[in-house]
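Written below as structure tokens is the structure these notes are about.
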Amino acid sequence: MRKYLFIIPFIFVFISCEKNQIIESDISSENYIVVNSELNPWKLFAGVTFTRTLTVGIPYDIKVAELKDVKAYIRINGAQIIPLHYVKDGLYKPKYDELIIDVGKTYELFADWEGTVIYGSTVVPVEPEINKVSYNAGGNYLEANIQTRPNEVYGAVWVVGSGLAKASTFPSLSIPETNAFNINVITSAVPEQYRGRDYNGMRNIQVYSFDKQYTAYFNSAKINVPVGNAFTQNGGSIGWNVLGNNVIGMFIGVAKGKIKNVN
């Protein structure tokens, strides 16, 4: 088998602390198409990127990895069709860049590249609504109790000050039980240097909600591995939500909650 290196710039594929995440995979010698799109409620649609895997040892070059001739469109709630057009570096967007992502709507991606049919679907979640927050002194983590909604899962990170420091991973996803009205979401442990009284009033929590499809990706990709460390996975075992022959990637709705002070 050859190794391939592909770069996926998601926050959802998460939380690369909103940086690129590098995943090294032992997959077959066949090239893989990599699809990446994150849909955020009430934001302009940021587009979809289509690239392909490159063999490890070859310096990553977006001009080599990008796909320029993809035929693609978005369908909203099974009705409205939005054609996508190549912009640059494998990025495809609506021609007039006026598509605002709506909460609760279903967005489907249809694409074709040299006969390879690509499909993805997601429902855009609602921004998490926090009922209360607390600091767990025993585990040194922050916790939020939030209202739940159908077909959503949740994760949380700690934030110190106004961007002084921020967790780069979720320790887990919180998955509501059927008919549950609220659920607790926890962060990883706050680092020791931020636990003292000097940081009282500066420790915050931020909760993210995801389309429930994110669960399969999170569980299979071992997303709690620290960002910056490449991690090895069998390409076929990761729970991507984009379908197609030799196609990997994510097309998924993500809602970022407001930062809430804990203490």
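Letters A, B, ... mark the chains of the structure tokens in the order given; residue numbers begin at 1 per chain; ligand numbers begin at 1, in order shown.
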
Give me the residues within 9 Å of A:Thr215 as a PDB file with N, CA and C atoms, in the first residue's frame, counting only C-alpha atoms and dropping any in the same chain fewer than 5 places off.
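File produced: selection13.pdb:
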ATOM      1  N   VAL A 153     -25.861  16.712  17.922  1.00  0.00           N
ATOM      2  CA  VAL A 153     -24.938  16.273  18.961  1.00  0.00           C
ATOM      3  C   VAL A 153     -24.066  17.477  19.314  1.00  0.00           C
ATOM      4  N   LEU A 173     -18.280  13.665  22.649  1.00  0.00           N
ATOM      5  CA  LEU A 173     -19.510  14.276  22.164  1.00  0.00           C
ATOM      6  C   LEU A 173     -20.634  13.929  23.120  1.00  0.00           C
ATOM      7  N   ILE A 175     -24.477  13.128  23.312  1.00  0.00           N
ATOM      8  CA  ILE A 175     -25.536  12.681  22.412  1.00  0.00           C
ATOM      9  C   ILE A 175     -26.815  12.531  23.210  1.00  0.00           C
ATOM     10  N   PHE A 210     -23.688  19.996  16.214  1.00  0.00           N
ATOM     11  CA  PHE A 210     -23.394  19.386  14.926  1.00  0.00           C
ATOM     12  C   PHE A 210     -24.585  18.572  14.444  1.00  0.00           C
ATOM     13  N   SER A 220     -14.743   7.532  14.845  1.00  0.00           N
ATOM     14  CA  SER A 220     -13.828   6.720  14.055  1.00  0.00           C
ATOM     15  C   SER A 220     -12.484   7.390  13.812  1.00  0.00           C
ATOM     16  N   GLY A 239     -15.553   7.558   9.460  1.00  0.00           N
ATOM     17  CA  GLY A 239     -16.971   7.745   9.169  1.00  0.00           C
ATOM     18  C   GLY A 239     -17.276   9.019   8.411  1.00  0.00           C
TER      19      GLY A 239
END

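Residues of stretch 15-173 of chain A that DSSP, applied to the backbone, places in helix (DSSP H, G or I): A:Ile62, A:Lys63, A:Val64, A:Ala65.
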
(message) List as a ChimeraX atom specification the protein and nucleic acid residues near A:Pro150, meaning an atom at most 10 Å away when only C-alpha atoms are counted, but skip any in the same chain fewer than 3 places from it.
(response) /A:125,153,176-181,211-212

Listing only residues of stretch 34-139 of chain A within 7 Å of stretch 245-252 of chain A, what is the closest atom pair and its distance in Å (to one decimal) for each, using only C-alpha atoms, sorted by chain and residue number ascending, as a tab-separated table?
residue	atom	partner	partner_atom	distance
A:Val34	CA	A:Ile248	CA	5.1
A:Val35	CA	A:Gly249	CA	4.6
A:Asn36	CA	A:Met250	CA	5.2
A:Ser37	CA	A:Phe251	CA	4.7
A:Glu38	CA	A:Ile252	CA	5.3
A:Leu39	CA	A:Ile252	CA	6.0
A:Thr116	CA	A:Asn245	CA	6.6
A:Gly120	CA	A:Phe251	CA	5.9
A:Ser121	CA	A:Phe251	CA	6.7
A:Thr122	CA	A:Ile252	CA	5.2

(request) Please provide the set of residues having any atom within 10 Å of stretch 58-75 of chain A, restricted to only C-alpha atoms, with same-chain residues fewer than 6 positions apart removed, written as a count of residues only. (result) 42

(message) Please identify the strand (DSSP E or B) residues within stretch 90-165 of chain A (assignment by DSSP from backbone atoms) and present them as JSON, numbers by chain.
(response) {"A": [91, 92, 93, 100, 106, 107, 108, 109, 110, 111, 112, 113, 116, 117, 118, 119, 120, 121, 122, 123, 130, 131, 132, 133, 134, 135, 136, 141, 142, 143, 144, 145, 146, 147, 152, 153, 154, 155, 156, 157, 158, 159, 160, 165]}

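Picture a line from atom CA of A:Thr148 to atom CA of A:Asn200; it runs 29.0 Å.
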
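The space between atom CA of A:Val159 and atom CA of A:Arg203 spans 6.1 Å.
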
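In this comparison, which uses only C-alpha atoms, the residue of A:Gly257, A:Leu99, A:Lys105, A:Asn145 approaching A:Ala79 most closely is A:Lys105.
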
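If you measure from each of A:Ala137, A:Val207, A:Ile100, A:Leu164 to A:Val124 using only C-alpha atoms, the closest one turns out to be A:Ile100.
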
(request) Compile the contact shell of A:Glu129 as a PyMOL selection string: residues with an atom at most 12 Å away, counting only C-alpha atoms, same-chain residues fewer than 4 positions apart removed. (result) chain A and resi 125+133+144-149+154+181-185+206-209+255-260

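Minimum distance to A:Glu98 across A:Arg195, A:Leu44, A:Tyr141, A:Trp240 (counting only C-alpha atoms) occurs at A:Leu44.
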
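Atom CA of A:Val157 is found 29.8 Å from atom CA of A:Leu243.
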